[in-house]
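Peer 1: Would you mind keeping the following structure in view while I ask a few things?
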Amino acid sequence: MTQNKIPLDDPSSGLPSECQAQPEPKDSSEVDSRRDFLKTSAASILGAAALMTQSDDAQANIEWAEHFQGNYRLMTEQEKAESRARLEKRYSAEYGKEVTVDGTPAKEGVLLGYALNIRKCIGCRRCVKACVEENNQSRGQKTGETIEWIQVMKMARGEFSKEKMNEGYPEGLGIQVGGNAYSPAGVVLEGEYFYEPKAVPEKESTYMPIACMQCEKPPCVKVCPVRTTYREPDGVVVIDYNWCIGCRMCMSACPYWARRINLTTPVLPKEAMNPKTHYLGNRPRMRGVVEKCTWCVQRNRVGRYPACVEVCPVGARKFGNLLDPESEVSQILARKNVFRLKAELNTFPKFFYFFD
Amino acid sequence: MHKLMSFAPDYIFYILKGGIKFYAWLGFLAVLIAFALYGFYLQNTEGLIVTGLTSQIHDGLYFANLVFLVGVAAGAVTIVFPAYVYHHKAMHEVTVLGEMLAMTAVIMVMLFVFAHMGRPDRLWHMIPYLGIYNMPGSMLAWDVLVLNVYLMLNMVCGFYFLYVKYSGGEINKKFFMPLIYISIVWALSIHTVTAFLISTLPARPMWHHSMMPIRFIMTAFAAGPCLIILVFLIIRKNTKLWIQDEAINLLSLIITWCLGIALFLTLSEIVIELYARTEHANGLYYLMFGLHGLTKLVPWFWGSLIAMLTAFVMFLIPSVRTNYKLLPIACVLGFAGIWIEKGMGLIVPGFIPTPIGEVTEYYPTMIEIMMSIGCWAIGFFILTLLLKGAIGILLGEVRYGAGKAKKSNDVASGAKSAAYEAL
């Protein structure tokens with residue numbers, strides 16, 4: 001295989017044009033028009049008060065202020081900045097390094113899309129590892145303390161064989177009229193995603209990575225009772241972790257099992273914590289809230305590829321602007337055979353599978 | 001106004017006063033509640049990791065109890081409906097007890113919501129204007145709405161009726177009857193919306209079918225009256241209030257029909273799902289026979305089915321359902337069977353396998369069980385007090401102007417009568 005011959009992309013160079021975002025200052029009057037005095041003024045006063053208090057217990061004050069902040073999407077620009085500053089202060093103290101919490105908004109004229117070449121995937125699961133490291137997921141020992149946003153499903157190739165022609169009916173599948181001359185082939189949802197082979201790809205296996213599909217019609221957003229999860233203008237579905245009530249309806253609604261609940265305070269070692277964060281992306285989460293893939297919103301908003309795209313040794317992962325006909329994903333959509341997972345559910349994923 | 005001012009203290013003094021049996025019962029419940037509070041403390045310091053929930057199976061015992069109790073709340077309409085629509089006399093006398101049960105069940109639902117939430121401290125985010133209330137998009141928001149309105153309706157109807165009885169006035173039918181009719185329809189709505197809560201999720205094929213609302217309502221109208229009959233029999237035995245046989249017999253008849261239809265719907269689902277045996281039947285298959293060697297829920301399913309079938313046969317035989325020694329057994333079987341079917345048997349296999357095909361199992365932890373028992377204990381605590389107050393007023397023991405006479409009476413008869421009245 002070619003896995004070691006392909007150099008990893010330098011994150012700072014060779015980016016396609018659609019990925020290079022110049023943060024545009026947003027029209028402030030437009031933002032202010034969405035201000036809701038009733039909802040947010042109390043919160044901002046509390047927040048400001050907490051920041052100004054020079055007591056010993058600054059940490060507690062920050063948490064107190066965080067507790068009364070409004071929904072991020074409805075905040076004014078100033079409140080958003082205050083909220084991020086609060087978090088930066090808290091995280092920096094907590095992790096013993098300078099943590100930045102970015103708030104770069106979606107760029108206009110961009111609709112992000114993802115394409116994955118399933119023929120190329122070798123099941124090395126480097127994307128899984130890179131994702132965990134980039135996005136500050138919990139990585140404890142106990143069940144429920146380990147969170148991964150990507151699953152690379154390993155599926156048996158399966159076969160139809162002459163020897164099994166007379167073995168009778170397949171078991172466990174109810175009243176049967178068929179034969180049994182096969183072992184499962186191409187059954188996506190019978191795969192496994194925890195495996196530690198000596199070398200990949202394994203001969204008898206094919207691989208199918210699954211993560212959040214960033215649906216255009218996301219069922220998770222529809223069911224959220226407090227609108228803490230929403231679709232950003234660039235098409236990415238995000239969560240305001242500070243507004244989530246942990247009801248887990250979104251997890252029930254997701255047909256791709258893309259969401260995770262933080263059953264406990266995430267186990268995130270100080271030295272391994274990635275200090276470059278985004279409010280809607282990889283900032284450390286808290287106990288009891290749901291999290292999900294954002295296509296590395298902290299990266300894609302400043303013109304970088306998601307960590308999984310960058311790390312993929314075989315170049316199976318492609319990412320870019322669907323509205324730009326010259327972008328890689330648009331070219332793939334135009335030229336390759338693509339399909340979407342569970343398209344019959346009308347979720348309209350912006351994550352496409354293709355093969356060549 | 002003076003009447004209203006004296007209603008509250010009279011009512012409260014009455015419900016707080018009882019015999020040894022009464023206090024022992026409340027004390028026992030209080031111990032269970034204390035355990036639950038400790039569980040709640042753990043859950044909100046350690047997190048949901050103290051439960052058996054995972055990212056794969058993230059709704060468990062709490063959600064199951066929540067769904068079931070919505071049914072119990074809706075089931076109270078089996079008293080209100082015959083009483084006011086068919087003018088069933090025996091039922092009419094005890095309607096208010098049904099309303100008290102409905103209130104309690106809704107309060108218990110809310111307790112289980114608190115237990116279920118990852119961040120109960122942020123529940124204010126759902127309050128309109130203070131937070132964001134996702135209407136009409138979120139089915140959960142609809143559920144919160146219908147449940148709260150149902151609670152209000154039952155509170156207003158129940159306490160208005162009690163107050164009128166207390167003060168010896170006449171019921172203002174122009175005000176009262178519309179509310180009663182609304183509450184009858186509303187009882188259907190709460191369970192329909194709760195069914196929508198899970199059946200509107202195509203991601204979970206086991207739940208995603210249109211039979212769900214009617215199945216919910218049928219099981220609710222079987223499980224609710226089962227509990228009501230048990231409560232009625234206990235009231236008959238322990239208080240002076242005599243609930244007439246006709247009321248109990250009508251409830252048994254309602255259970256017979258509804259349990260029969262519920263069983264029919266369950267069996268239809270089994271035939272339809274297992275005949276074609278698509279991937280979408282995996283959840284049901286796991287429930288009935290196990291999947292990939294994991295069989296944790298199999299005994300629960302068959303146990304529940306046997307309990308429900310036995311209960312149905314018992315209810316079907318007139319000599320059994322009118323025999324008040326055997327009736328409680330049938331009621332317990334029906335209630336437990338439906339609790340399993342609609343709780344563990346419906347919620348948990350909805351997550352097995354996960355949408356990407358992972359088969360895992362769910363084991364409720366001791367803390368979860370403790371919390372669930374505690375929430376039920378809070379419910380029974382509230383129900384005991386509400387029923388005691390309602391019975392006192394129905395019996396005329398609490399009424400306007402009777403305070404002084406009653407006090408001297410109490411001193412005379414002493415603890416003996418109090419013990420007799422104890423629930």
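We name chains A, B, ... following the order of the structure tokens; residues begin at 1 in each chain, and ligands are numbered from 1 as shown.
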At a cut-off of 7 Å, which residues of chain B touch chain A? Count only C-alpha atoms and give the answer as a PyMOL selection string.
Peer 2: chain B and resi 46-49+54-55+117-120+122-123+125-126+129-130+132-134+137-141+201+203+274-275+277+354-357
Peer 1: Which polymer residues have any atom within 6 Å of an atom of stretch 207-218 of chain B, counting only C-alpha atoms, with same-chain residues fewer than 3 positions away left out, as a list in words?
Peer 2: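 In the requested form, the answer reads Thr192, Ala195, Ser199, Leu201, Pro202, Arg204, Phe221, Cys258 and Ala262 of chain B.
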Peer 1: Next, write the just-selected residues to a file, as a PDB file, in the first residue's frame, keeping C-alpha atoms as the atom set.
Peer 2:
```pdb
ATOM      1  CA  THR B 192     -50.208  10.647  22.058  1.00  0.00           C
ATOM      2  CA  ALA B 195     -45.674   8.366  21.716  1.00  0.00           C
ATOM      3  CA  SER B 199     -42.120   7.368  17.055  1.00  0.00           C
ATOM      4  CA  LEU B 201     -37.484   9.310  14.979  1.00  0.00           C
ATOM      5  CA  PRO B 202     -36.757   7.394  11.772  1.00  0.00           C
ATOM      6  CA  ARG B 204     -34.789   4.260  15.494  1.00  0.00           C
ATOM      7  CA  PHE B 221     -55.904   2.758  29.766  1.00  0.00           C
ATOM      8  CA  CYS B 258     -57.772  -2.104  26.571  1.00  0.00           C
ATOM      9  CA  ALA B 262     -52.826  -3.770  23.565  1.00  0.00           C
TER      10      ALA B 262
END
```
Peer 1: With only C-alpha atoms as the atoms that count, which of B:His2, B:His92, B:Lys173, B:Lys17 lies nearest to B:Leu394?
Peer 2: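 Of B:His2, B:His92, B:Lys173, B:Lys17, the one nearest B:Leu394, counting only C-alpha atoms, is B:His92.
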Peer 1: Interatomic distance between atom CA of A:Lys292 and atom CA of A:Asp240?
Peer 2: 10.9 Å
Peer 1: Would you kindly return, as a count of residues only, each protein, DNA or RNA residue with an atom no farther than 7 Å from any atom of stretch 275-284 of chain A, considering only C-alpha atoms and excluding same-chain residues fewer than 3 positions away?
Peer 2: 16
Peer 1: Write out as JSON lines the residues of stretch 294-388 of chain B that have any atom within 10 Å of an atom of stretch 57-68 of chain B, one row each with the nearest atom pair and its distance in Å to one decimal, counting only C-alpha atoms, sorted by chain and then rising number.
Peer 2:
```
{"residue": "B:Ile338", "atom": "CA", "partner": "B:Phe68", "partner_atom": "CA", "distance": 8.2}
{"residue": "B:Trp339", "atom": "CA", "partner": "B:Phe68", "partner_atom": "CA", "distance": 6.3}
{"residue": "B:Ile340", "atom": "CA", "partner": "B:Ala64", "partner_atom": "CA", "distance": 8.7}
{"residue": "B:Glu341", "atom": "CA", "partner": "B:Phe68", "partner_atom": "CA", "distance": 9.3}
{"residue": "B:Lys342", "atom": "CA", "partner": "B:Phe68", "partner_atom": "CA", "distance": 6.2}
{"residue": "B:Gly343", "atom": "CA", "partner": "B:Ala64", "partner_atom": "CA", "distance": 4.0}
{"residue": "B:Met344", "atom": "CA", "partner": "B:Ala64", "partner_atom": "CA", "distance": 6.1}
{"residue": "B:Gly345", "atom": "CA", "partner": "B:Ala64", "partner_atom": "CA", "distance": 8.7}
{"residue": "B:Leu346", "atom": "CA", "partner": "B:Ala64", "partner_atom": "CA", "distance": 7.9}
{"residue": "B:Ile347", "atom": "CA", "partner": "B:Ala64", "partner_atom": "CA", "distance": 6.0}
{"residue": "B:Val348", "atom": "CA", "partner": "B:Gly60", "partner_atom": "CA", "distance": 6.1}
{"residue": "B:Pro349", "atom": "CA", "partner": "B:Ile57", "partner_atom": "CA", "distance": 8.7}
{"residue": "B:Gly350", "atom": "CA", "partner": "B:Ile57", "partner_atom": "CA", "distance": 8.6}
{"residue": "B:Phe351", "atom": "CA", "partner": "B:Ile57", "partner_atom": "CA", "distance": 5.5}
{"residue": "B:Ile352", "atom": "CA", "partner": "B:Ile57", "partner_atom": "CA", "distance": 7.6}
{"residue": "B:Pro353", "atom": "CA", "partner": "B:Ile57", "partner_atom": "CA", "distance": 9.2}
{"residue": "B:Thr354", "atom": "CA", "partner": "B:Ile57", "partner_atom": "CA", "distance": 7.9}
{"residue": "B:Val359", "atom": "CA", "partner": "B:Ile57", "partner_atom": "CA", "distance": 9.8}
{"residue": "B:Thr360", "atom": "CA", "partner": "B:Ile57", "partner_atom": "CA", "distance": 7.8}
{"residue": "B:Glu361", "atom": "CA", "partner": "B:Ile57", "partner_atom": "CA", "distance": 7.6}
{"residue": "B:Tyr362", "atom": "CA", "partner": "B:Ile57", "partner_atom": "CA", "distance": 6.7}
{"residue": "B:Tyr363", "atom": "CA", "partner": "B:Gly60", "partner_atom": "CA", "distance": 8.8}
{"residue": "B:Pro364", "atom": "CA", "partner": "B:Leu61", "partner_atom": "CA", "distance": 6.8}
{"residue": "B:Thr365", "atom": "CA", "partner": "B:Leu61", "partner_atom": "CA", "distance": 9.6}
{"residue": "B:Glu368", "atom": "CA", "partner": "B:Leu61", "partner_atom": "CA", "distance": 7.1}
{"residue": "B:Ile369", "atom": "CA", "partner": "B:Leu61", "partner_atom": "CA", "distance": 7.7}
{"residue": "B:Met371", "atom": "CA", "partner": "B:Tyr62", "partner_atom": "CA", "distance": 8.6}
{"residue": "B:Ser372", "atom": "CA", "partner": "B:Tyr62", "partner_atom": "CA", "distance": 6.7}
{"residue": "B:Cys375", "atom": "CA", "partner": "B:Tyr62", "partner_atom": "CA", "distance": 9.5}
{"residue": "B:Trp376", "atom": "CA", "partner": "B:Asn65", "partner_atom": "CA", "distance": 9.2}
```
Peer 1: What is the atom CA of A:Ala115-atom CA of A:Phe354 distance in Å, reported with one decimal?
Peer 2: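 So the two atoms, atom CA of A:Ala115 and atom CA of A:Phe354, lie 6.9 Å apart.
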Peer 1: Could you jot down the atom CA of A:Gly96 to atom CA of A:Val128 separation for me, Å, one decimal place?
Peer 2: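 Rounded to one decimal, the two atoms are 26.0 Å apart.
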Peer 1: Just list the residues in stretch 101-323 of chain A DSSP gives alpha helix (DSSP H) on the backbone, as a PDB file with C-alpha atoms, in the first residue's frame.
Peer 2:
```
ATOM      1  CA  ARG A 126      -5.296   7.654  12.135  1.00  0.00           C
ATOM      2  CA  CYS A 127      -8.239   9.959  11.496  1.00  0.00           C
ATOM      3  CA  VAL A 128      -9.850   8.705  14.696  1.00  0.00           C
ATOM      4  CA  LYS A 129      -6.713   9.401  16.708  1.00  0.00           C
ATOM      5  CA  ALA A 130      -6.043  12.778  15.098  1.00  0.00           C
ATOM      6  CA  CYS A 131      -9.647  13.772  15.713  1.00  0.00           C
ATOM      7  CA  VAL A 132      -9.470  12.930  19.400  1.00  0.00           C
ATOM      8  CA  GLU A 133      -6.233  14.847  19.818  1.00  0.00           C
ATOM      9  CA  GLU A 134      -7.429  17.860  17.862  1.00  0.00           C
ATOM     10  CA  PRO A 219     -33.044  15.615  12.497  1.00  0.00           C
ATOM     11  CA  CYS A 220     -30.982  16.382  15.619  1.00  0.00           C
ATOM     12  CA  VAL A 221     -31.554  20.116  15.207  1.00  0.00           C
ATOM     13  CA  LYS A 222     -35.268  19.640  14.782  1.00  0.00           C
ATOM     14  CA  VAL A 223     -35.749  17.733  18.032  1.00  0.00           C
ATOM     15  CA  MET A 249     -33.121  13.750  22.128  1.00  0.00           C
ATOM     16  CA  CYS A 250     -30.616  14.672  19.415  1.00  0.00           C
ATOM     17  CA  MET A 251     -28.785  11.417  20.042  1.00  0.00           C
ATOM     18  CA  SER A 252     -31.989   9.456  19.577  1.00  0.00           C
ATOM     19  CA  ALA A 253     -32.753  11.363  16.404  1.00  0.00           C
ATOM     20  CA  VAL A 297     -14.714  24.402  12.988  1.00  0.00           C
ATOM     21  CA  GLN A 298     -11.654  25.857  14.739  1.00  0.00           C
ATOM     22  CA  ARG A 299      -9.616  24.931  11.664  1.00  0.00           C
ATOM     23  CA  ASN A 300     -11.964  25.327   8.721  1.00  0.00           C
ATOM     24  CA  ALA A 307      -7.572  17.111  11.266  1.00  0.00           C
ATOM     25  CA  CYS A 308      -8.892  13.894   9.698  1.00  0.00           C
ATOM     26  CA  VAL A 309      -8.382  15.222   6.170  1.00  0.00           C
ATOM     27  CA  GLU A 310      -4.898  16.384   7.004  1.00  0.00           C
ATOM     28  CA  VAL A 311      -3.798  13.134   8.604  1.00  0.00           C
TER      29      VAL A 311
END
```
Peer 1: Applying 10 Å and only C-alpha atoms, which residues near B:Met100 remain after dropping the ones on its own chain fewer than 3 positions away? List them as a PyMOL selection string.
Peer 2: chain B and resi 73+76+95-97+103-105+151+154-155+157-159+382-387+389-390
Peer 1: Considering only C-alpha atoms, can you say which of A:Glu216, A:Leu111, A:Ser92, A:Pro313 comes closest to A:Pro325?
Peer 2: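 When distances to A:Pro325 are compared using only C-alpha atoms, the smallest one comes from A:Leu111.
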Peer 1: Which neighbours of B:Asn172 fall inside 12 Å, counting only C-alpha atoms, when residues of the same chain fewer than 3 positions from it are skipped, and could you give them as a ChimeraX atom specification?
Peer 2: /B:157,160-161,163-165,169,175-179
Peer 1: For the selection just defined, write its residues with N, CA and C atoms to a file, as a PDB file, in the first residue's frame.
Peer 2:
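Listed below is the output, selection_25.pdb:
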```
ATOM      1  N   CYS B 157     -59.427  21.499  38.368  1.00  0.00           N
ATOM      2  CA  CYS B 157     -60.668  20.732  38.504  1.00  0.00           C
ATOM      3  C   CYS B 157     -60.740  20.064  39.867  1.00  0.00           C
ATOM      4  N   TYR B 160     -60.828  22.718  42.831  1.00  0.00           N
ATOM      5  CA  TYR B 160     -62.070  23.487  42.789  1.00  0.00           C
ATOM      6  C   TYR B 160     -63.219  22.628  43.333  1.00  0.00           C
ATOM      7  N   PHE B 161     -63.268  21.377  42.876  1.00  0.00           N
ATOM      8  CA  PHE B 161     -64.308  20.458  43.341  1.00  0.00           C
ATOM      9  C   PHE B 161     -64.216  20.270  44.860  1.00  0.00           C
ATOM     10  N   TYR B 163     -62.834  22.263  47.028  1.00  0.00           N
ATOM     11  CA  TYR B 163     -63.142  23.512  47.720  1.00  0.00           C
ATOM     12  C   TYR B 163     -64.656  23.715  47.813  1.00  0.00           C
ATOM     13  N   VAL B 164     -65.354  23.414  46.716  1.00  0.00           N
ATOM     14  CA  VAL B 164     -66.805  23.577  46.717  1.00  0.00           C
ATOM     15  C   VAL B 164     -67.435  22.630  47.727  1.00  0.00           C
ATOM     16  N   LYS B 165     -66.968  21.408  47.735  1.00  0.00           N
ATOM     17  CA  LYS B 165     -67.455  20.424  48.708  1.00  0.00           C
ATOM     18  C   LYS B 165     -67.193  20.914  50.126  1.00  0.00           C
ATOM     19  N   GLY B 169     -70.848  24.773  48.889  1.00  0.00           N
ATOM     20  CA  GLY B 169     -71.536  25.541  47.834  1.00  0.00           C
ATOM     21  C   GLY B 169     -71.955  24.657  46.674  1.00  0.00           C
ATOM     22  N   PHE B 175     -68.241  27.028  34.482  1.00  0.00           N
ATOM     23  CA  PHE B 175     -66.796  27.086  34.605  1.00  0.00           C
ATOM     24  C   PHE B 175     -66.189  25.675  34.642  1.00  0.00           C
ATOM     25  N   PHE B 176     -66.871  24.800  35.333  1.00  0.00           N
ATOM     26  CA  PHE B 176     -66.297  23.490  35.642  1.00  0.00           C
ATOM     27  C   PHE B 176     -66.386  22.509  34.472  1.00  0.00           C
ATOM     28  N   MET B 177     -67.586  22.406  33.856  1.00  0.00           N
ATOM     29  CA  MET B 177     -67.774  21.370  32.844  1.00  0.00           C
ATOM     30  C   MET B 177     -66.856  21.516  31.626  1.00  0.00           C
ATOM     31  N   PRO B 178     -66.682  22.739  31.079  1.00  0.00           N
ATOM     32  CA  PRO B 178     -65.751  22.836  29.941  1.00  0.00           C
ATOM     33  C   PRO B 178     -64.359  22.331  30.297  1.00  0.00           C
ATOM     34  N   LEU B 179     -63.929  22.655  31.514  1.00  0.00           N
ATOM     35  CA  LEU B 179     -62.590  22.202  31.912  1.00  0.00           C
ATOM     36  C   LEU B 179     -62.524  20.683  31.961  1.00  0.00           C
TER      37      LEU B 179
END
```
Peer 1: Can you pull out every residue from stretch 210-283 of chain A that DSSP, working from the backbone, puts in strand (DSSP E or B), and format the result as a list in words?
Peer 2: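 Strand (DSSP E or B) assignments inside stretch 210-283 of chain A correspond to Ile210, Thr229, Tyr230, Arg231, Val237, Val238, Ile239, Arg259, Arg260, Ile261, Thr264, Lys276, Thr277 and His278 of chain A.
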